[in-house]
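Asks: Structure file data.cif (mmCIF, C-alpha atoms) is given on the next line.
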data_target
loop_
_atom_site.label_atom_id
_atom_site.label_comp_id
_atom_site.auth_asym_id
_atom_site.auth_seq_id
_atom_site.Cartn_x
_atom_site.Cartn_y
_atom_site.Cartn_z
CA MET A 1 -32.86 -57.75 -24.09
CA GLY A 2 -35.17 -55.68 -26.14
CA TYR A 3 -34.48 -52.73 -28.36
CA GLN A 4 -36.15 -50.32 -25.90
CA VAL A 5 -33.85 -51.32 -23.04
CA ILE A 6 -30.72 -50.75 -25.10
CA LEU A 7 -32.02 -47.31 -26.07
CA ASP A 8 -32.69 -46.55 -22.36
CA ILE A 9 -29.17 -47.54 -21.39
CA ILE A 10 -27.57 -45.48 -24.15
CA GLY A 11 -29.82 -42.49 -23.37
CA SER A 12 -29.12 -42.58 -19.66
CA ALA A 13 -25.39 -42.98 -20.31
CA VAL A 14 -25.40 -39.88 -22.54
CA ILE A 15 -27.45 -37.83 -20.07
CA GLY A 16 -25.36 -39.09 -17.16
CA GLY A 17 -22.17 -38.21 -19.04
CA LEU A 18 -23.45 -34.73 -19.78
CA LEU A 19 -24.39 -34.20 -16.16
CA LEU A 20 -21.01 -35.45 -15.01
CA LEU A 21 -19.25 -33.14 -17.46
CA THR A 22 -21.34 -30.20 -16.27
CA LEU A 23 -20.53 -31.04 -12.69
CA LEU A 24 -16.81 -31.34 -13.36
CA THR A 25 -16.69 -28.00 -15.21
CA PHE A 26 -18.79 -26.37 -12.53
CA ASN A 27 -16.54 -27.77 -9.85
CA ALA A 28 -13.38 -26.51 -11.58
CA GLN A 29 -14.84 -23.03 -12.05
CA ASN A 30 -16.11 -23.02 -8.52
CA LEU A 31 -12.68 -23.93 -7.17
CA GLU A 32 -11.12 -21.15 -9.26
CA SER A 33 -13.67 -18.65 -7.97
CA LYS A 34 -13.04 -19.69 -4.38
CA GLN A 35 -9.29 -19.35 -4.82
CA GLN A 36 -9.77 -15.97 -6.49
CA TYR A 37 -11.96 -14.74 -3.64
CA ARG A 38 -9.55 -16.03 -1.03
CA ASP A 39 -6.60 -14.39 -2.79
CA GLU A 40 -8.49 -11.13 -3.11
CA ILE A 41 -9.40 -11.11 0.56
CA ILE A 42 -5.76 -11.77 1.49
CA ALA A 43 -4.57 -9.06 -0.93
CA GLN A 44 -7.08 -6.56 0.47
CA LYS A 45 -6.01 -7.38 4.03
CA ASN A 46 -2.35 -6.99 3.07
CA LEU A 47 -3.10 -3.68 1.40
CA VAL A 48 -4.94 -2.36 4.45
CA GLU A 49 -2.07 -3.43 6.73
CA VAL A 50 0.53 -1.69 4.57
CA VAL A 51 -1.62 1.44 4.26
CA ASN A 52 -2.27 1.60 8.02
CA VAL A 53 1.45 1.65 8.81
CA MET A 54 2.18 4.10 6.00
CA GLU A 55 -0.65 6.46 6.95
CA GLU A 56 0.51 6.57 10.55
CA ASP A 57 4.00 7.59 9.40
CA PHE A 58 3.04 9.94 6.58
CA ARG A 59 0.62 11.92 8.74
CA ARG A 60 3.53 12.71 11.05
CA ILE A 61 5.89 14.05 8.40
CA GLY A 62 7.59 17.09 9.88
CA TYR A 63 6.12 16.59 13.34
CA CYS A 64 8.35 17.11 16.35
CA GLN A 65 7.46 17.28 20.01
CA ILE A 66 9.89 20.18 20.36
CA ARG A 67 8.92 22.18 17.31
CA SER A 68 12.06 24.29 17.18
CA ASN A 69 14.15 21.15 16.58
CA MET A 70 12.49 20.55 13.21
CA ALA A 71 14.00 22.49 10.31
CA LEU A 72 13.15 22.60 6.62
CA PRO A 73 13.19 20.62 4.45
CA VAL A 74 11.08 18.01 6.23
CA VAL A 75 11.29 15.66 3.24
CA THR A 76 14.97 14.94 2.65
CA VAL A 77 14.80 12.43 -0.21
CA ALA A 78 11.97 12.49 -2.74
CA ALA A 79 12.22 9.95 -5.56
CA ALA A 80 9.65 8.08 -7.63
CA GLU A 81 9.81 4.92 -5.54
CA SER A 82 11.43 6.07 -2.33
CA LEU A 83 10.99 8.76 0.25
CA ARG A 84 12.88 9.88 3.34
CA PHE A 85 11.42 12.35 5.77
CA LYS A 86 11.90 13.85 9.20
CA THR A 87 9.56 12.98 12.01
CA ASP A 88 9.54 12.35 15.73
CA LEU A 89 9.01 8.70 16.54
CA PRO A 90 7.49 7.83 19.92
CA SER A 91 10.15 6.48 22.24
CA ASN A 92 7.54 4.55 24.21
CA ALA A 93 3.87 3.79 23.99
CA ALA A 94 2.94 6.65 26.30
CA ASN A 95 4.36 9.57 24.34
CA GLU A 96 3.94 11.15 20.95
CA GLY A 97 7.64 11.70 20.48
CA ASP A 98 10.73 12.54 22.48
CA GLY A 99 11.61 15.83 20.78
CA THR A 100 14.51 14.30 18.85
CA VAL A 101 14.33 14.46 15.06
CA ASP A 102 14.14 11.00 13.51
CA TYR A 103 14.32 9.94 9.88
CA VAL A 104 12.00 7.42 8.26
CA THR A 105 12.63 5.95 4.83
CA TYR A 106 10.18 4.12 2.58
CA ALA A 107 11.57 2.42 -0.51
CA LEU A 108 10.53 -0.20 -2.98
CA GLY A 109 13.08 -3.00 -2.81
CA PRO A 110 14.08 -5.89 -5.06
CA PHE A 111 11.78 -8.55 -6.47
CA VAL A 112 10.82 -11.26 -4.01
CA THR A 113 12.05 -14.63 -5.21
CA SER A 114 10.43 -16.76 -2.54
CA THR A 115 6.89 -16.27 -3.87
CA MET A 116 5.28 -17.58 -7.04
CA ASN A 117 4.31 -14.10 -8.20
CA PRO A 118 7.17 -12.80 -10.37
CA ARG A 119 6.20 -9.14 -9.92
CA ASP A 120 5.98 -8.63 -6.16
CA ARG A 121 8.67 -6.60 -4.46
CA MET A 122 9.73 -5.77 -0.95
CA LEU A 123 8.47 -2.52 0.50
CA TYR A 124 11.07 -1.37 2.97
CA ARG A 125 10.69 0.87 5.96
CA ARG A 126 13.74 2.12 7.79
CA GLU A 127 14.08 4.19 10.94
CA ASN A 128 17.14 6.43 11.08
CA ALA A 129 20.27 4.38 10.23
CA GLY A 130 18.72 1.12 11.44
CA GLU A 131 17.97 -2.05 9.53
CA TYR A 132 15.64 -2.03 6.57
CA SER A 133 12.50 -3.83 7.65
CA GLY A 134 9.87 -5.10 5.30
CA SER A 135 7.81 -8.08 4.45
CA SER A 136 6.52 -9.74 1.36
CA MET A 137 2.98 -8.44 1.20
CA GLY A 138 2.59 -8.72 -2.56
CA VAL A 139 3.39 -5.07 -3.29
CA THR A 140 3.94 -4.66 -7.04
CA ASN A 141 3.70 -0.90 -7.36
CA PHE A 142 4.60 1.89 -4.97
CA SER A 143 4.86 5.19 -6.74
CA LEU A 144 5.09 8.67 -5.30
CA ARG A 145 4.28 12.12 -6.62
CA TYR A 146 5.23 15.33 -4.90
CA LEU A 147 3.00 18.38 -5.09
CA LYS A 148 3.80 22.06 -4.75
CA TYR A 149 1.71 24.79 -3.17
CA ASN A 150 -0.19 25.43 -6.41
CA GLY A 151 -0.86 21.75 -7.04
CA ASP A 152 1.88 21.35 -9.66
CA THR A 153 3.90 18.16 -9.62
CA LEU A 154 7.62 18.33 -8.94
CA ALA A 155 9.85 16.28 -11.23
CA VAL A 156 11.47 13.29 -9.53
CA PRO A 157 13.96 12.91 -8.03
CA VAL A 158 13.33 16.27 -6.43
CA PRO A 159 16.64 18.19 -6.14
CA TYR A 160 17.69 19.25 -2.65
CA ASN A 161 17.03 22.95 -3.21
CA LYS A 162 13.40 22.22 -4.15
CA LEU A 163 12.59 19.79 -1.33
CA LYS A 164 11.12 22.51 0.85
CA GLU A 165 8.54 23.23 -1.87
CA ILE A 166 6.85 19.88 -1.25
CA ILE A 167 3.57 20.39 0.57
CA ALA A 168 1.81 17.11 -0.25
CA VAL A 169 2.64 13.58 -1.31
CA GLU A 170 0.49 11.38 -3.53
CA VAL A 171 0.89 7.64 -3.09
CA THR A 172 -0.23 4.90 -5.44
CA LEU A 173 0.00 1.33 -4.24
CA ARG A 174 -0.85 -1.96 -5.87
CA VAL A 175 -0.91 -5.26 -4.04
CA GLU A 176 -1.23 -8.59 -5.82
CA SER A 177 -1.76 -12.08 -4.52
CA ILE A 178 1.59 -13.71 -3.88
CA ASN A 179 0.47 -17.14 -5.07
CA PRO A 180 -1.08 -16.95 -8.55
CA TYR A 181 -3.51 -19.61 -9.70
CA THR A 182 -4.00 -21.30 -13.05
CA ALA A 183 -7.27 -20.17 -14.59
CA VAL A 184 -9.68 -22.76 -16.03
CA GLY A 185 -8.95 -23.38 -19.70
CA THR A 186 -5.29 -22.34 -19.48
CA VAL A 187 -2.25 -24.50 -18.91
CA ASP A 188 0.79 -22.48 -17.99
CA SER A 189 -0.41 -18.93 -17.54
CA LEU A 190 -0.70 -17.84 -13.95
CA THR A 191 -3.32 -15.33 -12.89
CA THR A 192 -3.03 -12.98 -9.93
CA VAL A 193 -5.58 -10.89 -8.14
CA MET A 194 -4.80 -7.17 -8.00
CA VAL A 195 -5.94 -4.62 -5.46
CA ASN A 196 -5.20 -0.95 -6.09
CA TRP A 197 -5.11 1.97 -3.70
CA LYS A 198 -4.43 5.61 -4.24
CA GLN A 199 -4.17 8.42 -1.72
CA LEU A 200 -4.31 11.66 -3.65
CA ARG A 201 -2.74 13.73 -0.92
CA PHE A 202 -0.88 13.30 2.31
CA GLU A 203 -0.82 16.94 3.29
CA ILE A 204 2.32 17.93 5.14
CA ARG A 205 0.97 19.84 8.12
CA ASN A 206 4.14 20.42 10.05
CA PHE A 207 6.64 22.54 8.23
CA GLY A 208 8.80 23.22 11.22
CA LYS A 209 11.28 26.00 11.79
CA GLY A 210 11.91 28.23 8.79
CA ALA A 211 8.54 27.60 7.19
CA ILE A 212 7.07 30.46 5.21
CA MET B 1 -47.62 -44.13 -17.54
CA ILE B 2 -44.83 -42.31 -15.75
CA ARG B 3 -42.26 -44.73 -14.50
CA PHE B 4 -40.41 -44.33 -11.18
CA GLU B 5 -37.09 -43.98 -13.03
CA MET B 6 -38.41 -40.87 -14.76
CA ILE B 7 -39.42 -39.31 -11.44
CA PHE B 8 -35.99 -40.06 -9.99
CA VAL B 9 -34.28 -38.45 -13.00
CA ILE B 10 -36.43 -35.32 -12.68
CA LEU B 11 -35.76 -35.11 -8.95
CA ALA B 12 -32.01 -35.54 -9.52
CA GLY B 13 -32.09 -32.75 -12.13
CA VAL B 14 -33.97 -30.43 -9.80
CA PHE B 15 -31.57 -31.21 -6.95
CA LEU B 16 -28.53 -30.59 -9.13
CA GLY B 17 -30.01 -27.37 -10.53
CA THR B 18 -30.76 -26.07 -7.04
CA LEU B 19 -27.24 -26.90 -5.93
CA ILE B 20 -25.65 -25.05 -8.84
CA LEU B 21 -27.97 -22.04 -8.49
CA ASN B 22 -27.22 -21.79 -4.77
CA GLU B 23 -23.49 -21.96 -5.38
CA ASN B 24 -23.72 -19.31 -8.08
CA THR B 25 -25.72 -17.03 -5.79
CA THR B 26 -23.09 -17.42 -3.06
CA ASN B 27 -20.29 -16.68 -5.54
CA MET B 28 -22.03 -13.59 -6.86
CA SER B 29 -22.67 -12.33 -3.36
CA THR B 30 -19.01 -12.85 -2.38
CA SER B 31 -17.88 -11.18 -5.57
CA GLU B 32 -20.15 -8.18 -4.94
CA THR B 33 -18.87 -7.83 -1.37
CA LEU B 34 -15.26 -7.83 -2.56
CA VAL B 35 -15.94 -5.28 -5.29
CA VAL B 36 -17.77 -3.00 -2.85
CA SER B 37 -14.97 -3.40 -0.32
CA GLN B 38 -12.38 -2.47 -2.99
CA PHE B 39 -14.58 0.50 -3.83
CA GLY B 40 -14.79 1.42 -0.14
CA ILE B 41 -11.01 1.32 0.35
CA ASN B 42 -10.44 3.71 -2.55
CA ALA B 43 -13.44 5.92 -1.85
CA THR B 44 -12.25 6.37 1.75
CA SER B 45 -8.76 7.37 0.67
CA ILE B 46 -10.15 9.83 -1.91
CA ALA B 47 -12.48 11.38 0.68
CA ASN B 48 -9.59 11.59 3.16
CA SER B 49 -7.44 13.22 0.50
CA TYR B 50 -10.02 15.95 -0.04
CA LEU B 51 -10.55 16.48 3.68
CA ASP B 52 -6.77 16.72 4.00
CA ARG B 53 -6.60 19.25 1.22
CA ILE B 54 -9.48 21.36 2.58
CA SER B 55 -8.11 21.44 6.13
CA SER B 56 -4.60 22.15 4.90
CA PRO B 57 -2.69 25.04 6.52
CA THR B 58 -2.12 26.40 3.01
CA LEU B 59 -5.79 27.44 2.79
CA ALA B 60 -7.32 30.35 4.67
CA PHE B 61 -10.37 29.78 6.84
CA ASP B 62 -12.29 32.41 4.89
CA GLU B 63 -11.70 34.68 1.91
CA TYR B 64 -12.06 37.75 4.14
CA LEU B 65 -9.15 36.64 6.29
CA LEU B 66 -6.85 36.76 3.28
CA GLY B 67 -7.28 40.53 3.09
CA ALA B 68 -4.93 42.90 4.87
CA ALA B 69 -7.80 44.41 6.87
CA ALA B 70 -8.47 41.12 8.56
CA GLN B 71 -4.94 40.72 9.91
CA PRO B 72 -4.98 36.97 9.30
CA ASN B 73 -3.62 34.56 11.85
CA ARG B 74 -3.81 37.08 14.66
CA VAL B 75 -5.98 36.87 17.72
CA ASP B 76 -7.72 40.17 16.93
CA SER B 77 -9.09 38.53 13.79
CA LEU B 78 -11.61 36.85 16.06
CA ALA B 79 -13.48 40.13 16.39
CA LYS B 80 -14.18 40.10 12.68
CA LEU B 81 -16.90 37.47 12.69
CA GLY B 82 -19.40 39.78 11.02
CA PHE B 83 -17.13 40.23 8.03
CA LEU B 84 -16.91 36.56 7.09
CA THR B 85 -18.33 35.46 3.76
CA THR B 86 -22.04 34.64 3.86
CA ILE B 87 -22.18 33.11 0.40
CA LEU B 88 -19.94 30.08 0.53
CA GLY B 89 -18.25 29.12 -2.72
CA ARG B 90 -15.63 30.09 -5.23
CA GLU B 91 -14.78 33.72 -5.82
CA THR B 92 -14.31 35.25 -9.27
CA GLY B 93 -11.32 33.85 -11.10
CA GLU B 94 -11.01 30.70 -8.97
CA VAL B 95 -11.65 28.39 -11.87
CA ALA B 96 -9.33 25.53 -10.92
CA GLN B 97 -8.69 23.73 -7.65
CA SER B 98 -5.11 24.96 -7.70
CA LEU B 99 -6.46 28.51 -7.44
CA TYR B 100 -8.64 27.86 -4.39
CA ASP B 101 -7.35 29.87 -1.47
CA ASP B 102 -9.89 29.34 1.29
CA VAL B 103 -11.89 26.50 2.78
CA ASP B 104 -15.32 27.30 1.33
CA ASP B 105 -14.04 27.50 -2.24
CA PHE B 106 -14.65 23.76 -2.21
CA ASN B 107 -18.38 24.25 -1.63
CA GLY B 108 -20.22 22.87 -4.65
CA LEU B 109 -17.17 21.17 -6.10
CA ASP B 110 -18.25 18.29 -8.33
CA THR B 111 -15.35 16.51 -9.98
CA MET B 112 -14.18 13.13 -11.18
CA VAL B 113 -11.17 11.20 -9.91
CA VAL B 114 -9.80 8.25 -11.87
CA VAL B 115 -8.07 5.42 -10.02
CA THR B 116 -6.36 3.19 -12.54
CA GLY B 117 -7.48 -0.39 -12.26
CA VAL B 118 -10.45 0.45 -10.07
CA GLY B 119 -12.72 3.00 -11.74
CA ASN B 120 -14.01 6.54 -11.84
CA PHE B 121 -15.09 8.22 -8.65
CA ARG B 122 -17.36 11.22 -8.49
CA VAL B 123 -16.36 13.59 -5.68
CA ARG B 124 -18.72 16.26 -4.36
CA CYS B 125 -17.94 18.71 -1.59
CA ALA B 126 -20.25 20.81 0.54
CA VAL B 127 -19.14 23.43 3.07
CA ARG B 128 -21.46 25.05 5.64
CA TYR B 129 -21.00 27.11 8.77
CA TYR B 130 -21.37 24.97 11.86
CA ASP B 131 -22.68 25.64 15.33
CA PRO B 132 -20.74 23.39 17.73
CA VAL B 133 -23.24 23.94 20.56
CA ALA B 134 -26.25 22.94 18.49
CA GLY B 135 -24.15 20.37 16.64
CA ALA B 136 -25.70 21.38 13.33
CA PRO B 137 -24.92 23.42 10.22
CA VAL B 138 -26.14 27.04 10.25
CA PHE B 139 -26.41 29.86 7.71
CA THR B 140 -24.92 32.64 9.83
CA PRO B 141 -21.10 32.86 10.06
CA THR B 142 -19.38 31.10 12.94
CA TRP B 143 -15.74 30.19 13.48
CA TYR B 144 -16.44 26.65 12.41
CA LYS B 145 -17.07 25.21 8.98
CA LEU B 146 -18.50 21.76 8.35
CA VAL B 147 -17.00 20.05 5.33
CA GLN B 148 -18.78 17.12 3.77
CA VAL B 149 -17.18 15.02 1.05
CA THR B 150 -19.31 12.51 -0.85
CA VAL B 151 -17.65 9.94 -3.06
CA CYS B 152 -19.55 7.65 -5.39
CA ASP B 153 -18.72 5.56 -8.40
CA THR B 154 -20.18 7.11 -11.52
CA VAL B 155 -19.97 6.67 -15.25
CA PRO B 156 -18.34 9.94 -16.43
CA GLY B 157 -20.82 12.50 -17.76
CA THR B 158 -23.83 10.62 -16.45
CA ASN B 159 -25.62 9.93 -13.20
CA THR B 160 -25.38 6.18 -13.70
CA HIS B 161 -23.70 4.32 -10.88
CA HIS B 162 -21.64 1.20 -11.35
CA PHE B 163 -21.73 -0.07 -7.83
CA GLN B 164 -24.84 -0.79 -5.88
CA PHE B 165 -25.04 -2.57 -2.59
CA ASP B 166 -28.25 -4.18 -1.40
CA GLY B 167 -29.99 -2.35 -4.23
CA ARG B 168 -28.78 1.07 -3.08
CA ARG B 169 -26.13 3.39 -4.40
CA ALA B 170 -22.83 2.78 -2.65
CA ASP B 171 -22.00 6.35 -1.64
CA LEU B 172 -19.36 7.17 0.92
CA VAL B 173 -19.80 10.33 2.99
CA GLU B 174 -17.16 11.80 5.30
CA ARG B 175 -17.51 14.95 7.37
CA SER B 176 -15.07 17.08 9.26
CA VAL B 177 -15.39 20.30 11.23
CA ILE B 178 -12.69 22.89 10.62
CA SER B 179 -12.16 25.52 13.26
CA TYR B 180 -10.53 28.89 12.71
CA PHE B 181 -8.64 28.46 15.98
CA LYS B 182 -6.29 25.97 14.41
CA PHE B 183 -5.19 28.68 11.99
CA LEU B 184 -4.15 30.87 14.92
CA GLN B 185 -1.55 28.45 16.23
#
Once you've parsed the file, please lay out its structure as structure tokens.
Replies:
Amino acid sequence: MGYQVILDIIGSAVIGGLLLLTLLTFNAQNLESKQQYRDEIIAQKNLVEVVNVMEEDFRRIGYCQIRSNMALPVVTVAAAESLRFKTDLPSNAANEGDGTVDYVTYALGPFVTSTMNPRDRMLYRRENAGEYSGSSMGVTNFSLRYLKYNGDTLAVPVPYNKLKEIIAVEVTLRVESINPYTAVGTVDSLTTVMVNWKQLRFEIRNFGKGAI
Amino acid sequence: MIRFEMIFVILAGVFLGTLILNENTTNMSTSETLVVSQFGINATSIANSYLDRISSPTLAFDEYLLGAAAQPNRVDSLAKLGFLTTILGRETGEVAQSLYDDVDDFNGLDTMVVVTGVGNFRVRCAVRYYDPVAGAPVFTPTWYKLVQVTVCDTVPGTNTHHFQFDGRRADLVERSVISYFKFLQ
């Protein structure tokens, strides 16, 4: 076997090794990207689902089919991570409400232990004195601000005698992927995908009886 | 003399390069779509927030209707069409949004909203009188005002846009018609 052949073998082994290494790195990064995209799509879908339900409820704050049944304050609990308000929930699919005042509560619950993300928490919704319902959608932040007529923010928790001053609610929501992935080049650190949403104002349009 | 092995190596390199380039293009495209969709979610909620604010019952339909002579929120106010403001915009002293007291004070508003973790959004508002029969904005007063909110992602203090989609600026425009009749209820 001549000298040239040995050189060829060594050269092709080096080039082949480099190519293989490139492919392996590329494949790992590609897999990470795919997982990141998938997680982000899931997080965005979760966010939109949560927001849809919340928007439907928040737009009806203070609404009542029989207007005289609704009295101020329409928001009865206003804290940084929870809110309770009066509304009129439809009693069946055909109506917009039955004229009876209902109470809806939104509150950020405890950390979810069944997911790999250590930061996600339950976002609870409760109708009247019923069960708290909620699901693990990867919500890591749900913060509320309450605005007065002149745009000033009310300090939380808003005391009872100031609840009727609330004319708008600002909601900030962050949803993260519930199953973090290990980024290329790291060993133990888990990375999550975050999706943020902020509604500057949910204007309270129905002040009910006693409104100024 | 070029040997066959050399040709095979070159072909393999070209094939591998094409594969990697294609994959990268797909990844970049997916990434762009997700970023634009995240932008869209936030831009929509900001635009909705402004439309909510402008159509709020706490604002008068027109500056004139705030005056005692107009007898606001009464049916006889409807006879006062000729008195409505012809120059839409802020009145003297209305230097902050918290001081705006009627719908058209938002005309010409150009402000920046920061959403932590997402970016800076430039919000512009335009308010015009609207003719519901013609379905178009008009200059003469009517009992309808067309509100247009445009949200785009902008580097503060510049006209440079972060997000582009298909080579175009990713602006979001929402419109709403506000009628004086809703203020009479």
Asks: Can you tell me which residues surround A:Gln35 at a distance of at most 12 Å, considering all atoms listed in the file, apart from same-chain residues fewer than 6 positions away, and format the answer as a VMD selection string?
Replies: (chain A and resid 28 to 29 41 to 43 177 179 to 184 191 to 193) or (chain B and resid 27 30 to 31)
Asks: Show me, as a PyMOL selection string, every residue of chain B with an atom at most 10 Å from chain A, counting all atoms listed in the file.
Replies: chain B and resi 9+13+16+20+23-24+27-28+30-31+34-35+37-39+41-59+97-101+113-118
Asks: For atom CA of B:Tyr129 and atom CA of B:Arg175, determine how far apart the two atoms are, in Å to one decimal place.
Replies: 12.7 Å
Asks: Would you compute the distance between atom CA of B:Val133 and atom CA of B:Val147? Give it in Å to one decimal.
Replies: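 Result for atom CA of B:Val133 versus atom CA of B:Val147: 16.9 Å, one decimal.
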Asks: Quick one: distance from atom CA of B:Arg3 to atom CA of A:Leu21 in Å, one decimal?
Replies: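 Answer for the atom CA of B:Arg3 to atom CA of A:Leu21 separation: 25.9 Å.
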Asks: Take every atom of stretch 140-148 of chain B listed in the file, pad by 8 Å on each side, and give me the axis-aligned box centre and edge lengths in Å, one decimal, as JSON.
Replies:
{"center_x": -20.3, "center_y": 25.0, "center_z": 8.6, "size_x": 25.2, "size_y": 31.7, "size_z": 25.7}
Asks: So, counting all atoms listed in the file, which residue among A:Ala13, A:Ala93, A:Val74, A:Met122 is closest to A:Glu165?
Replies: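 The answer is A:Val74, which sits nearest to A:Glu165.
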Asks: With distances taken over all atoms listed in the file, which of A:Asp120, A:Asp39, A:Glu81, A:Asp88 is nearest to A:Thr100?
Replies: A:Asp88
Asks: Just want the 8 Å neighbourhood of B:Ala60, counted on all atoms listed in the file, with same-chain residues fewer than 2 positions away dropped. Output as a PyMOL selection string.
Replies: chain B and resi 57-58+62-63+65-66+101-103+183
Asks: Counting all atoms listed in the file, which residues sit no farther than 7 Å from the position (-17.2, 11.0, 4.6) in the file's frame? I'd like them as a list in words.
Replies: Ala47, Gln148, Val149, Thr150, Leu172, Val173, Glu174 and Arg175 of chain B
Asks: Starting from the structure just given, write a file holding stretch 81-93 of chain B with N, CA and C atoms, as a CSV table (one decimal), in the first residue's frame.
Replies:
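Saved as result19.csv:
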chain,number,residue,atom,x,y,z
B,81,LEU,N,-76.6,69.3,16.2
B,81,LEU,CA,-75.6,68.8,15.3
B,81,LEU,C,-74.6,69.9,14.7
B,82,GLY,N,-75.2,71.0,14.4
B,82,GLY,CA,-74.4,72.1,13.9
B,82,GLY,C,-73.4,72.7,14.9
B,83,PHE,N,-73.5,72.3,16.1
B,83,PHE,CA,-72.6,72.9,17.1
B,83,PHE,C,-71.4,72.0,17.4
B,84,LEU,N,-71.4,70.8,16.8
B,84,LEU,CA,-70.3,69.9,17.1
B,84,LEU,C,-69.0,70.4,16.6
B,85,THR,N,-67.9,69.9,17.2
B,85,THR,CA,-66.6,70.4,16.9
B,85,THR,C,-66.3,70.0,15.4
B,86,THR,N,-65.7,71.0,14.7
B,86,THR,CA,-65.3,70.6,13.3
B,86,THR,C,-63.8,70.3,13.2
B,87,ILE,N,-63.1,70.8,14.1
B,87,ILE,CA,-61.7,70.5,14.2
B,87,ILE,C,-61.5,69.4,15.3
B,88,LEU,N,-61.2,68.2,14.8
B,88,LEU,CA,-61.1,67.1,15.8
B,88,LEU,C,-59.7,67.0,16.4
B,89,GLY,N,-59.7,67.0,17.7
B,89,GLY,CA,-58.4,66.9,18.4
B,89,GLY,C,-58.5,67.3,19.8
B,90,ARG,N,-57.4,67.5,20.4
B,90,ARG,CA,-57.3,67.9,21.8
B,90,ARG,C,-57.6,69.4,22.0
B,91,GLU,N,-58.3,69.7,23.0
B,91,GLU,CA,-58.5,71.1,23.3
B,91,GLU,C,-57.4,71.6,24.2
B,92,THR,N,-57.4,72.9,24.4
B,92,THR,CA,-56.3,73.5,25.2
B,92,THR,C,-56.3,72.9,26.6
B,93,GLY,N,-55.1,72.6,27.1
B,93,GLY,CA,-55.0,72.1,28.4
B,93,GLY,C,-55.0,70.6,28.5
